[in-house]
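As provided, target.cif (mmCIF, C-alpha atoms and all ligand atoms) reads as follows.
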```
data_structure
#
loop_
_atom_site.label_atom_id
_atom_site.label_comp_id
_atom_site.auth_asym_id
_atom_site.auth_seq_id
_atom_site.Cartn_x
_atom_site.Cartn_y
_atom_site.Cartn_z
CA MET Z 654 91.71 103.59 120.15
CA GLN Z 655 92.72 99.96 120.56
CA ILE Z 656 94.84 98.11 123.07
CA ARG Z 657 97.08 95.31 121.94
CA TYR Z 658 100.36 93.68 122.74
CA LEU Z 659 103.31 94.49 120.53
CA GLY Z 660 106.74 93.03 120.15
CA HIS Z 661 108.48 95.25 117.65
CA ASN Z 662 110.41 98.53 117.68
CA GLY Z 663 113.20 96.74 119.54
CA VAL Z 664 110.97 96.07 122.55
CA GLN Z 665 110.77 92.41 123.48
CA PRO Z 666 107.24 91.01 123.76
CA ALA Z 667 107.99 89.92 127.31
CA ASP Z 668 108.76 93.52 128.34
CA VAL Z 669 105.55 94.92 126.96
CA CYS Z 670 102.47 94.92 129.16
CA ALA Z 671 100.22 96.69 126.69
CA CYS Z 672 100.22 99.06 123.77
CA VAL Z 673 97.78 101.92 123.57
CA GLU Z 674 97.48 102.92 119.97
CA THR Z 675 95.74 105.92 118.45
CA HIS Z 676 95.83 107.38 114.97
CA THR Z 677 99.27 108.89 115.42
CA GLU Z 678 100.53 107.59 118.75
CA ARG Z 679 101.68 104.34 120.30
CA ILE Z 680 102.31 104.08 123.99
CA LEU Z 681 104.02 100.89 125.03
CA LYS Z 682 103.59 100.10 128.70
CA LEU Z 683 106.72 98.31 129.81
CA GLN Z 684 107.62 96.40 132.97
CA GLY Z 685 109.25 99.36 134.67
CA GLY Z 686 107.65 102.36 132.92
CA PHE Z 687 106.47 103.31 129.46
CA VAL Z 688 107.71 104.67 126.19
CA SER Z 689 105.54 106.64 123.78
CA TYR Z 690 106.04 107.01 120.06
CA ARG Z 691 104.26 110.00 118.62
CA PHE Z 692 103.91 110.22 114.86
CA ALA Z 693 103.13 113.11 112.61
CA GLU Z 694 99.49 113.49 111.59
CA ARG Z 695 100.40 112.74 107.95
CA ILE Z 696 101.68 109.27 108.82
CA GLY Z 697 98.21 108.30 109.99
CA GLN Z 698 96.94 109.14 106.50
CA LEU Z 699 99.48 107.00 104.63
CA GLN Z 700 99.53 103.32 103.77
CA PRO Z 701 102.61 101.44 102.56
CA SER Z 702 102.87 101.07 98.76
CA PRO Z 703 100.42 98.35 97.57
CA THR Z 704 102.75 97.22 94.79
CA VAL Z 705 105.57 96.73 97.30
CA ALA Z 706 103.08 94.84 99.50
CA VAL Z 707 102.43 92.32 96.68
CA SER Z 708 106.16 91.78 96.15
CA ASP Z 709 106.68 91.36 99.92
CA ARG Z 710 103.91 88.72 100.06
CA VAL Z 711 105.47 86.89 97.08
CA ARG Z 712 108.90 86.98 98.75
CA GLU Z 713 107.43 85.66 102.01
CA LEU Z 714 105.78 82.72 100.19
CA LYS Z 715 108.98 82.00 98.26
CA GLN Z 716 110.90 81.88 101.54
CA GLN Z 717 108.46 79.18 102.65
CA GLY Z 718 109.52 77.21 99.55
CA ILE Z 719 106.28 77.95 97.63
CA ASP Z 720 106.55 78.45 93.88
CA VAL Z 721 104.97 81.88 93.26
CA ILE Z 722 105.08 84.08 90.17
CA ASP Z 723 105.30 87.81 90.84
CA LEU Z 724 103.39 89.92 88.33
CA GLY Z 725 103.01 92.72 90.87
CA GLY Z 726 106.18 94.73 90.29
CA GLY Z 727 107.34 97.18 87.66
CA ASP Z 728 110.90 96.08 87.02
CA PRO Z 729 112.23 95.31 83.51
CA ASP Z 730 113.38 91.68 83.37
CA PHE Z 731 116.53 92.62 81.40
CA PRO Z 732 119.97 93.39 82.83
CA THR Z 733 121.31 96.95 82.53
CA PRO Z 734 123.31 97.04 79.26
CA ARG Z 735 127.00 96.35 79.69
CA HIS Z 736 128.33 99.67 78.37
CA ILE Z 737 126.31 101.51 81.04
CA CYS Z 738 127.67 99.28 83.81
CA GLU Z 739 131.22 99.71 82.51
CA ALA Z 740 130.98 103.50 82.47
CA ALA Z 741 129.79 103.51 86.09
CA SER Z 742 132.35 100.96 87.22
CA GLU Z 743 135.20 102.87 85.55
CA ALA Z 744 134.07 106.02 87.35
CA LEU Z 745 133.84 104.10 90.61
CA PHE Z 746 137.38 102.75 90.31
CA ALA Z 747 138.69 106.11 89.13
CA GLY Z 748 137.64 107.53 92.49
CA ASP Z 749 134.41 109.23 91.45
CA THR Z 750 132.99 108.46 94.87
CA HIS Z 751 132.42 111.89 96.38
CA TYR Z 752 129.65 114.47 96.47
CA VAL Z 753 128.94 116.02 93.09
CA ALA Z 754 126.93 119.09 92.10
CA SER Z 755 123.56 118.89 93.83
CA ALA Z 756 121.60 119.28 90.57
CA GLY Z 757 123.69 116.58 88.86
CA ILE Z 758 127.00 116.39 87.03
CA PRO Z 759 127.18 118.90 84.14
CA GLU Z 760 127.76 116.13 81.55
CA LEU Z 761 124.55 114.36 82.52
CA ARG Z 762 122.44 117.51 82.69
CA GLU Z 763 123.75 118.44 79.25
CA ALA Z 764 122.96 114.93 77.91
CA ILE Z 765 119.43 115.20 79.35
CA ARG Z 766 118.96 118.66 77.82
CA GLU Z 767 119.97 117.27 74.44
CA LYS Z 768 117.76 114.17 74.85
CA LEU Z 769 114.73 116.32 75.67
CA ARG Z 770 115.40 118.45 72.61
CA ALA Z 771 116.00 115.58 70.21
CA ASP Z 772 113.48 112.98 71.47
CA ASN Z 773 110.74 115.14 72.89
CA GLY Z 774 110.94 118.53 71.19
CA VAL Z 775 111.27 120.06 74.67
CA GLU Z 776 113.67 123.00 75.06
CA VAL Z 777 115.04 123.51 78.57
CA ASP Z 778 118.05 125.25 79.98
CA THR Z 779 120.55 122.98 81.79
CA ALA Z 780 119.79 125.15 84.86
CA GLY Z 781 116.24 123.82 84.51
CA ILE Z 782 117.24 120.18 85.14
CA ILE Z 783 117.78 118.30 88.41
CA VAL Z 784 119.11 114.73 88.48
CA THR Z 785 117.53 112.82 91.36
CA PRO Z 786 117.79 109.37 92.98
CA GLY Z 787 114.97 107.85 90.90
CA GLY Z 788 111.99 109.45 89.22
CA LYS Z 789 110.14 109.08 92.52
CA SER Z 790 112.48 111.49 94.25
CA ALA Z 791 112.05 114.06 91.46
CA LEU Z 792 108.28 113.80 91.83
CA ILE Z 793 108.13 114.18 95.58
CA SER Z 794 110.59 117.09 95.66
CA SER Z 795 108.49 118.82 92.99
CA VAL Z 796 105.23 118.14 94.84
CA LEU Z 797 106.73 119.46 98.09
CA ALA Z 798 107.95 122.59 96.35
CA LEU Z 799 104.63 123.40 94.71
CA VAL Z 800 101.75 122.42 96.99
CA GLY Z 801 100.85 122.39 100.67
CA PRO Z 802 97.85 122.60 102.98
CA GLY Z 803 94.86 124.20 101.26
CA ASP Z 804 96.01 123.19 97.76
CA ASP Z 805 94.40 120.60 95.51
CA VAL Z 806 96.26 118.22 93.22
CA LEU Z 807 94.35 116.72 90.30
CA THR Z 808 95.23 113.17 89.33
CA LEU Z 809 93.75 111.03 86.58
CA ASP Z 810 92.15 107.88 87.95
CA PRO Z 811 93.39 105.19 87.41
CA GLY Z 812 96.88 106.50 88.09
CA TRP Z 813 100.15 105.50 89.66
CA VAL Z 814 100.01 104.53 93.34
CA SER Z 815 102.40 107.18 94.69
CA TYR Z 816 100.92 110.44 93.41
CA GLU Z 817 98.27 110.71 96.10
CA PRO Z 818 100.57 109.76 99.01
CA MET Z 819 103.06 112.37 97.78
CA ALA Z 820 100.36 115.05 97.85
CA THR Z 821 99.33 113.83 101.31
CA ILE Z 822 102.90 114.10 102.56
CA ALA Z 823 102.91 117.70 101.29
CA GLY Z 824 99.64 118.34 103.19
CA ALA Z 825 97.67 118.88 99.97
CA ARG Z 826 94.38 117.25 98.96
CA THR Z 827 94.15 114.92 95.97
CA VAL Z 828 91.14 115.26 93.69
CA HIS Z 829 90.68 112.29 91.36
CA VAL Z 830 89.42 112.72 87.83
CA PRO Z 831 87.73 109.35 87.27
CA LEU Z 832 88.15 108.00 83.75
CA ASP Z 833 85.81 105.43 82.27
CA ALA Z 834 87.14 101.94 81.51
CA ALA Z 835 84.33 101.46 78.97
CA ASP Z 836 85.66 104.52 77.11
CA ASN Z 837 89.25 103.18 77.25
CA TYR Z 838 90.10 105.72 79.97
CA ARG Z 839 89.87 108.57 77.48
CA VAL Z 840 90.81 111.96 78.96
CA THR Z 841 88.36 114.73 78.09
CA ARG Z 842 88.38 118.44 78.74
CA ASP Z 843 85.00 118.14 80.41
CA ALA Z 844 86.22 115.50 82.89
CA ILE Z 845 89.10 117.74 83.95
CA ASP Z 846 87.02 120.93 84.11
CA ARG Z 847 84.44 119.26 86.35
CA HIS Z 848 87.09 118.50 88.98
CA VAL Z 849 89.06 121.75 89.02
CA THR Z 850 88.49 123.74 92.23
CA PRO Z 851 89.64 127.26 93.13
CA SER Z 852 92.45 125.54 95.10
CA THR Z 853 93.75 123.35 92.25
CA GLN Z 854 97.43 124.06 91.64
CA LEU Z 855 98.67 120.98 89.93
CA LEU Z 856 97.58 118.37 87.39
CA ILE Z 857 99.60 115.14 87.24
CA VAL Z 858 99.56 113.29 83.93
CA ASN Z 859 101.28 110.01 83.07
CA SER Z 860 101.56 108.68 79.53
CA PRO Z 861 102.11 105.84 78.72
CA ASN Z 862 100.03 105.18 81.77
CA ASN Z 863 100.68 102.92 84.70
CA PRO Z 864 98.39 100.96 85.21
CA SER Z 865 96.20 101.22 82.07
CA GLY Z 866 98.92 101.28 79.39
CA ARG Z 867 97.05 104.11 77.65
CA VAL Z 868 99.15 106.41 75.46
CA LEU Z 869 97.51 109.84 75.30
CA SER Z 870 96.43 110.96 71.82
CA GLN Z 871 96.97 114.47 70.47
CA ALA Z 872 93.29 115.25 71.19
CA GLU Z 873 93.68 114.20 74.83
CA ILE Z 874 96.92 116.16 75.17
CA ASP Z 875 95.11 119.19 73.71
CA ALA Z 876 92.35 118.76 76.31
CA ILE Z 877 94.92 118.66 79.12
CA CYS Z 878 96.82 121.69 77.80
CA GLY Z 879 93.60 123.67 77.27
CA ALA Z 880 92.45 122.98 80.84
CA ALA Z 881 95.89 123.80 82.29
CA GLN Z 882 96.01 127.14 80.47
CA GLU Z 883 92.45 128.15 81.27
CA HIS Z 884 92.68 127.25 84.97
CA ASP Z 885 96.31 128.34 85.33
CA LEU Z 886 97.60 124.94 86.46
CA ILE Z 887 101.12 123.56 86.58
CA VAL Z 888 101.31 120.17 84.84
CA PHE Z 889 103.59 117.33 85.90
CA SER Z 890 104.13 115.11 82.88
CA ASP Z 891 105.44 111.75 84.09
CA GLU Z 892 107.05 110.26 80.97
CA ILE Z 893 108.92 107.36 82.58
CA TYR Z 894 107.43 104.82 80.12
CA GLU Z 895 107.88 107.02 77.02
CA LYS Z 896 110.07 104.49 75.18
CA ILE Z 897 107.70 101.59 75.78
CA VAL Z 898 104.96 101.95 73.16
CA TYR Z 899 103.41 99.38 70.80
CA ASP Z 900 101.46 99.20 67.55
CA GLY Z 901 102.87 102.46 66.20
CA ASN Z 902 101.54 104.55 69.11
CA VAL Z 903 103.46 107.80 69.49
CA HIS Z 904 104.45 109.35 72.79
CA LEU Z 905 103.81 113.11 72.97
CA SER Z 906 105.45 115.39 75.51
CA ILE Z 907 103.25 118.02 77.13
CA ALA Z 908 106.08 120.56 77.49
CA ALA Z 909 106.49 120.53 73.69
CA GLN Z 910 102.91 121.72 73.12
CA PRO Z 911 102.32 125.40 72.34
CA GLY Z 912 102.28 127.58 75.45
CA MET Z 913 103.05 124.66 77.80
CA ALA Z 914 106.83 124.90 78.37
CA GLU Z 915 106.40 127.57 81.06
CA ARG Z 916 103.85 125.56 83.06
CA THR Z 917 105.11 121.98 82.66
CA LEU Z 918 107.60 119.93 84.61
CA THR Z 919 108.75 116.88 82.64
CA HIS Z 920 109.50 113.94 84.92
CA ASN Z 921 111.48 111.01 83.64
CA GLY Z 922 114.17 108.53 84.66
CA PHE Z 923 116.41 105.66 83.69
CA SER Z 924 114.60 102.81 85.47
CA LYS Z 925 112.34 101.56 82.71
CA ALA Z 926 113.93 102.47 79.35
CA TYR Z 927 117.44 101.43 80.41
CA ALA Z 928 116.53 98.66 82.87
CA MET Z 929 118.20 100.63 85.68
CA THR Z 930 115.65 100.42 88.52
CA GLY Z 931 118.30 99.66 91.15
CA TRP Z 932 120.52 102.55 90.10
CA ARG Z 933 117.96 105.05 91.36
CA LEU Z 934 118.31 107.77 88.75
CA GLY Z 935 115.65 110.12 87.49
CA TYR Z 936 115.21 113.77 86.66
CA VAL Z 937 112.85 116.71 86.50
CA ALA Z 938 113.12 119.39 83.83
CA GLY Z 939 111.24 122.64 83.45
CA PRO Z 940 111.25 126.41 83.91
CA VAL Z 941 114.35 127.60 85.77
CA GLU Z 942 112.22 129.63 88.25
CA ILE Z 943 110.41 126.47 89.40
CA ILE Z 944 113.50 124.27 89.33
CA ARG Z 945 115.34 126.73 91.62
CA GLN Z 946 112.64 126.25 94.26
CA ILE Z 947 112.66 122.44 93.89
CA MET Z 948 116.45 122.57 94.32
CA LYS Z 949 115.93 123.78 97.89
CA ILE Z 950 114.08 120.56 98.76
CA HIS Z 951 116.45 118.38 96.72
CA SER Z 952 119.65 119.84 98.16
CA HIS Z 953 118.43 119.55 101.76
CA SER Z 954 117.03 116.06 101.38
CA VAL Z 955 119.25 114.05 99.06
CA THR Z 956 122.25 116.37 98.38
CA CYS Z 957 122.93 114.72 95.01
CA ALA Z 958 122.21 111.53 93.09
CA THR Z 959 125.00 108.92 93.30
CA SER Z 960 128.15 110.23 91.58
CA PHE Z 961 129.35 107.16 89.64
CA ALA Z 962 125.80 106.08 88.77
CA GLN Z 963 125.43 109.41 86.94
CA ARG Z 964 128.41 108.42 84.71
CA GLY Z 965 126.45 105.31 83.77
CA ALA Z 966 123.46 107.48 82.91
CA VAL Z 967 125.59 109.61 80.56
CA ALA Z 968 126.60 106.38 78.77
CA ALA Z 969 122.94 105.34 78.67
CA LEU Z 970 121.87 108.53 76.91
CA GLU Z 971 124.89 108.89 74.65
CA GLY Z 972 125.49 105.21 73.81
CA PRO Z 973 123.62 102.83 71.50
CA GLN Z 974 119.84 102.81 71.92
CA ASN Z 975 119.02 99.66 69.92
CA PHE Z 976 118.56 97.41 72.98
CA ILE Z 977 115.49 99.46 73.95
CA GLY Z 978 113.80 98.27 70.76
CA GLU Z 979 114.84 94.69 71.56
CA MET Z 980 113.31 94.88 75.05
CA VAL Z 981 110.15 96.45 73.69
CA SER Z 982 109.71 93.71 71.06
CA ALA Z 983 110.06 91.05 73.77
CA TRP Z 984 107.42 92.85 75.86
CA ASP Z 985 105.23 93.22 72.80
CA ARG Z 986 105.27 89.41 72.38
CA ARG Z 987 104.52 88.84 76.08
CA ARG Z 988 101.77 91.47 75.99
CA ALA Z 989 99.97 89.35 73.38
CA LEU Z 990 100.57 86.15 75.38
CA MET Z 991 99.13 87.68 78.51
CA VAL Z 992 96.20 89.60 77.04
CA ASP Z 993 95.07 86.77 74.76
CA GLY Z 994 95.32 84.29 77.65
CA LEU Z 995 93.39 86.55 80.04
CA ASN Z 996 90.62 87.14 77.52
CA GLN Z 997 90.01 83.39 77.37
CA ILE Z 998 88.98 83.40 81.04
CA PRO Z 999 85.20 83.66 81.48
CA GLY Z 1000 84.29 87.00 83.10
CA VAL Z 1001 87.67 88.61 82.42
CA HIS Z 1002 88.15 91.36 79.86
CA CYS Z 1003 91.57 92.79 79.13
CA PRO Z 1004 92.11 95.52 76.51
CA MET Z 1005 95.45 95.55 74.67
CA PRO Z 1006 97.74 98.05 76.45
CA GLU Z 1007 99.16 100.69 74.10
CA GLY Z 1008 102.32 101.26 76.12
CA ALA Z 1009 104.24 100.47 79.37
CA PHE Z 1010 104.36 96.81 80.45
CA TYR Z 1011 101.16 96.24 82.40
CA ALA Z 1012 97.89 94.53 81.56
CA LEU Z 1013 94.87 95.97 83.38
CA ALA Z 1014 92.08 93.40 83.27
CA ASN Z 1015 88.46 93.95 84.23
CA VAL Z 1016 87.37 91.00 86.37
CA SER Z 1017 83.84 92.17 87.24
CA GLY Z 1018 82.33 89.44 85.03
CA THR Z 1019 83.59 86.87 87.55
CA GLY Z 1020 81.26 88.31 90.20
CA LYS Z 1021 84.26 89.38 92.31
CA ASP Z 1022 86.15 92.66 92.56
CA GLY Z 1023 89.85 93.17 91.89
CA THR Z 1024 90.89 92.76 95.51
CA GLU Z 1025 89.04 89.45 95.88
CA ILE Z 1026 90.51 88.12 92.64
CA ALA Z 1027 94.03 89.22 93.66
CA GLU Z 1028 93.60 87.33 96.96
CA LEU Z 1029 92.30 84.26 95.17
CA LEU Z 1030 95.17 84.32 92.65
CA ILE Z 1031 97.91 84.54 95.25
CA ASN Z 1032 96.32 81.86 97.43
CA GLU Z 1033 95.17 79.41 94.79
CA ALA Z 1034 97.11 80.09 91.59
CA ARG Z 1035 100.25 81.31 93.37
CA VAL Z 1036 100.39 84.36 91.11
CA GLY Z 1037 100.95 87.80 92.67
CA VAL Z 1038 98.93 90.58 90.96
CA THR Z 1039 98.05 94.10 92.12
CA PRO Z 1040 94.40 94.87 92.94
CA GLY Z 1041 93.17 97.68 90.68
CA VAL Z 1042 91.86 99.74 93.61
CA ALA Z 1043 95.50 100.53 94.43
CA PHE Z 1044 95.38 102.86 91.40
CA GLY Z 1045 92.06 104.48 92.30
CA ASP Z 1046 88.38 103.64 92.47
CA ALA Z 1047 88.01 103.73 88.66
CA SER Z 1048 89.93 100.44 88.46
CA ALA Z 1049 88.50 98.71 91.57
CA ASP Z 1050 87.04 95.97 89.35
CA HIS Z 1051 90.44 95.32 87.81
CA ILE Z 1052 93.73 93.60 88.49
CA ARG Z 1053 97.10 94.80 87.15
CA MET Z 1054 99.77 92.39 85.96
CA SER Z 1055 103.26 93.14 84.71
CA PHE Z 1056 104.35 91.32 81.57
CA ALA Z 1057 107.99 92.39 82.03
CA ASN Z 1058 108.74 88.74 82.77
CA SER Z 1059 110.11 85.92 80.62
CA ASP Z 1060 107.88 84.24 78.00
CA GLU Z 1061 107.91 81.08 80.13
CA LEU Z 1062 106.82 82.87 83.29
CA VAL Z 1063 104.09 84.83 81.51
CA THR Z 1064 102.80 81.63 79.86
CA GLU Z 1065 102.83 79.74 83.15
CA ALA Z 1066 101.19 82.61 85.05
CA VAL Z 1067 98.40 82.78 82.46
CA ARG Z 1068 97.92 79.00 82.64
CA ARG Z 1069 97.60 79.16 86.43
CA MET Z 1070 95.18 82.09 86.30
CA GLN Z 1071 93.06 80.31 83.69
CA GLU Z 1072 92.96 77.21 85.86
CA ALA Z 1073 92.07 79.10 89.04
CA LEU Z 1074 89.40 81.29 87.47
CA SER Z 1075 87.76 79.00 84.96
C1 LIG Y 1 104.28 106.01 86.62
C2 LIG Y 1 105.57 105.92 87.38
N1 LIG Y 1 106.23 107.05 87.65
C3 LIG Y 1 107.39 107.04 88.32
C4 LIG Y 1 107.94 105.85 88.75
C5 LIG Y 1 109.22 105.93 89.53
O1 LIG Y 1 110.25 105.18 89.03
P1 LIG Y 1 111.74 105.32 89.57
O2 LIG Y 1 111.68 105.97 90.92
O3 LIG Y 1 112.28 103.93 89.61
O4 LIG Y 1 112.46 106.18 88.59
C6 LIG Y 1 107.29 104.64 88.49
C7 LIG Y 1 107.82 103.35 88.99
O5 LIG Y 1 107.23 102.32 88.92
C8 LIG Y 1 106.07 104.68 87.77
O6 LIG Y 1 105.39 103.55 87.48
#
```

Could you spell out this file's structure in structure tokens?
Amino acid sequence: MQIRYLGHNGVQPADVCACVETHTERILKLQGGFVSYRFAERIGQLQPSPTVAVSDRVRELKQQGIDVIDLGGGDPDFPTPRHICEAASEALFAGDTHYVASAGIPELREAIREKLRADNGVEVDTAGIIVTPGGKSALISSVLALVGPGDDVLTLDPGWVSYEPMATIAGARTVHVPLDAADNYRVTRDAIDRHVTPSTQLLIVNSPNNPSGRVLSQAEIDAICGAAQEHDLIVFSDEIYEKIVYDGNVHLSIAAQPGMAERTLTHNGFSKAYAMTGWRLGYVAGPVEIIRQIMKIHSHSVTCATSFAQRGAVAALEGPQNFIGEMVSAWDRRRALMVDGLNQIPGVHCPMPEGAFYALANVSGTGKDGTEIAELLINEARVGVTPGVAFGDASADHIRMSFANSDELVTEAVRRMQEALS
């Protein structure tokens, strides 16, 4: 328990005599009384998103007039294609501004069903699809529907920053399956088996992976499917970066593997492939029995994803797809710029990412860990990067950088990092 003075929550510093703060409670002693804020136990176990924290720090420095380059985020640096914007704006002006079906407009669910069939070899019923405000919303509604106190969720480490907090919000425990950087974060059956407990319900998989850029091979997918079937696990396959692969790597969908359709929820969205992060559109697709339960959470929490935005998403799926290839070739070029530049820094080793738009560099050869290097880079090089520990202990000696930035910015960021670390 600590005592300190506070001046937020609408209470003026002058009014506050003291603040008594515990894990889940804040009691502000005011001039004429007190007010206490009690928080749920789960809030004490959560930290704000570390990737958002990097962007906030960059924004703060920029507001002070400092020239900072933000490599911390995960936002494509391309505008949403015009035909997608036009479809949404036409719908907006045509009065499509009301509630729509909670699971999503029929046209979009049908377009998603067809996309899953054609692109991924995944067969789902339209009743097995929910359109959500962003992939994040699909993931948390699914987690809340499937696990709670006493359940374990397996995540591959390194993995995306929000899986564990989502499990925590649901009251479940996260068990990390640490993957070895020296083995290129290869997923093996043995690694999964060693971490399954009698309480494990769920295994969350993400390929192409954020932060490592790994694209799972058929052998790794087989290991995951074998473990899921033997231990009777539900698999969440987060395929949000599926379109962003390099060097002929092929994205494989878990739900398309033999015997996996009935135990897999495919999570995806429009943010990355269609440069639509601000539109907040994603989806989950899977067995109708599971989707019906997730619908209870979705309908009570978000009602429906934005009506006119969904019209844009139909245009995204049904319209021309060639700009995806154009974005990916630009990122391919910047990937080389960044990785080659990083590998010239003494003590830094960065493997070539196979997919997504992040470079995950091992900085242990500098004698510092990822958090120390991230601090040094923001303070001295004015480059915002995410410390690897944000993605799990397996990447604590790493930093993650997004190369979804212009060639000029990537080149300049690399130059600054070289200067600061050499
Ligand atoms: C691995 C992964 N999954 C899901 C998401 C969620 O994306 P959105 O909510 O924008 O659809 C992200 C976003 O960065 C991500 O990196």

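CA of Phe923 (chain Z) sits 20.0 Å away from CA of Gly725 (chain Z).
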
### Query
By how many Å are CA of Arg964 (chain Z) and CA of Val784 (chain Z) apart?
11.9 Å

### Query
How many Å lie between CA of Gln946 (chain Z) and CA of Val800 (chain Z), rounded to one decimal?
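Going from CA of Gln946 (chain Z) over to CA of Val800 (chain Z) covers 11.9 Å.
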
Near ligand LIG 1 (chain Y), 6 Å: chain Z residue rows, closest pairs, all atoms listed in the file, as CSV:
```
residue,atom,partner,partner_atom,distance
Z:Gly727,CA,Y:LIG1,O5,5.3
Z:Gly787,CA,Y:LIG1,O2,3.8
Z:Gly788,CA,Y:LIG1,O4,3.4
Z:Lys789,CA,Y:LIG1,O2,3.8
Z:Trp813,CA,Y:LIG1,C1,5.2
Z:Asn863,CA,Y:LIG1,C1,5.1
Z:Asp891,CA,Y:LIG1,N1,5.9
Z:Ile893,CA,Y:LIG1,N1,5.7
Z:Gly922,CA,Y:LIG1,O4,4.9
Z:Ser924,CA,Y:LIG1,O3,4.9
Z:Thr930,CA,Y:LIG1,O3,5.0
Z:Gly935,CA,Y:LIG1,O4,5.2
```

### Shortest interatomic distance to Glu678 (chain Z) - which of Z:Ile998, Z:Ile765, Z:Ile696, Z:Ala741, counting all atoms listed in the file
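When distances to Glu678 (chain Z) are compared using all atoms listed in the file, the smallest one comes from Z:Ile696.
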
### Task
Would you mind telling me which residue in Z:Ala780, Z:Ile845, Z:Leu869, Z:Ala823 lies nearest to Arg766 (chain Z) when using all atoms listed in the file?
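Ranked by minimum distance to Arg766 (chain Z), first place goes to Z:Ala780.
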
Using all atoms listed in the file, find each residue in region 801-854 of chain Z having at least one atom no more than 9 Å away from region 880-883 of chain Z; report its shortest atom-to-atom pair and that distance in Å (one decimal), rows by chain then rising number, as CSV.
```
residue,atom,partner,partner_atom,distance
Z:Arg842,CA,Z:Ala880,CA,6.4
Z:Asp843,CA,Z:Ala880,CA,8.9
Z:Ile845,CA,Z:Ala880,CA,7.0
Z:Asp846,CA,Z:Ala880,CA,6.7
Z:Val849,CA,Z:Ala880,CA,8.9
```

### Query
What lies within 10 Å of Gly1045 (chain Z) using all atoms listed in the file, ignoring chain neighbours under 5 positions off, as a list of chain:residue names?
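Contacts, in chain order: Z:Thr808, Z:Leu809, Z:Asp810, Z:Pro811, Z:Gly812, Z:Trp813, Z:Val814, Z:Glu817, Z:His829, Z:Val830, Z:Pro831, Z:Pro1040.
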
For the selection you just gave me, I'd like the residues written to a file as a PDB file, in the frame of the given file, keeping C-alpha atoms.
```pdb
ATOM      1  CA  THR Z 808      95.230 113.170  89.330  1.00  0.00           C
ATOM      2  CA  LEU Z 809      93.750 111.030  86.580  1.00  0.00           C
ATOM      3  CA  ASP Z 810      92.150 107.880  87.950  1.00  0.00           C
ATOM      4  CA  PRO Z 811      93.390 105.190  87.410  1.00  0.00           C
ATOM      5  CA  GLY Z 812      96.880 106.500  88.090  1.00  0.00           C
ATOM      6  CA  TRP Z 813     100.150 105.500  89.660  1.00  0.00           C
ATOM      7  CA  VAL Z 814     100.010 104.530  93.340  1.00  0.00           C
ATOM      8  CA  GLU Z 817      98.270 110.710  96.100  1.00  0.00           C
ATOM      9  CA  HIS Z 829      90.680 112.290  91.360  1.00  0.00           C
ATOM     10  CA  VAL Z 830      89.420 112.720  87.830  1.00  0.00           C
ATOM     11  CA  PRO Z 831      87.730 109.350  87.270  1.00  0.00           C
ATOM     12  CA  PRO Z1040      94.400  94.870  92.940  1.00  0.00           C
TER      13      PRO Z1040
END
```

### Message
Can you pull out the residues contacting Gly1023 (chain Z)? Cut-off 8 Å, using all atoms listed in the file, and skip same-chain residues under 6 positions away; I want them as a ChimeraX atom specification.
### Response
/Z:1015-1017,1040-1042,1049-1052

Tell me, as a short mmCIF file (atom, residue, chain, number, x, y, z; two decimals) with C-alpha atoms, in the frame of the given file, which residues lie within 7 Å of Asp985 (chain Z), counting all atoms listed in the file; anything in the same chain fewer than 4 positions away does not count.
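Listing of result_31.cif after writing:
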```cif
data_model
loop_
_atom_site.label_atom_id
_atom_site.label_comp_id
_atom_site.auth_asym_id
_atom_site.auth_seq_id
_atom_site.Cartn_x
_atom_site.Cartn_y
_atom_site.Cartn_z
CA TYR Z 899 103.41 99.38 70.80
CA VAL Z 981 110.15 96.45 73.69
CA ALA Z 989 99.97 89.35 73.38
#
```
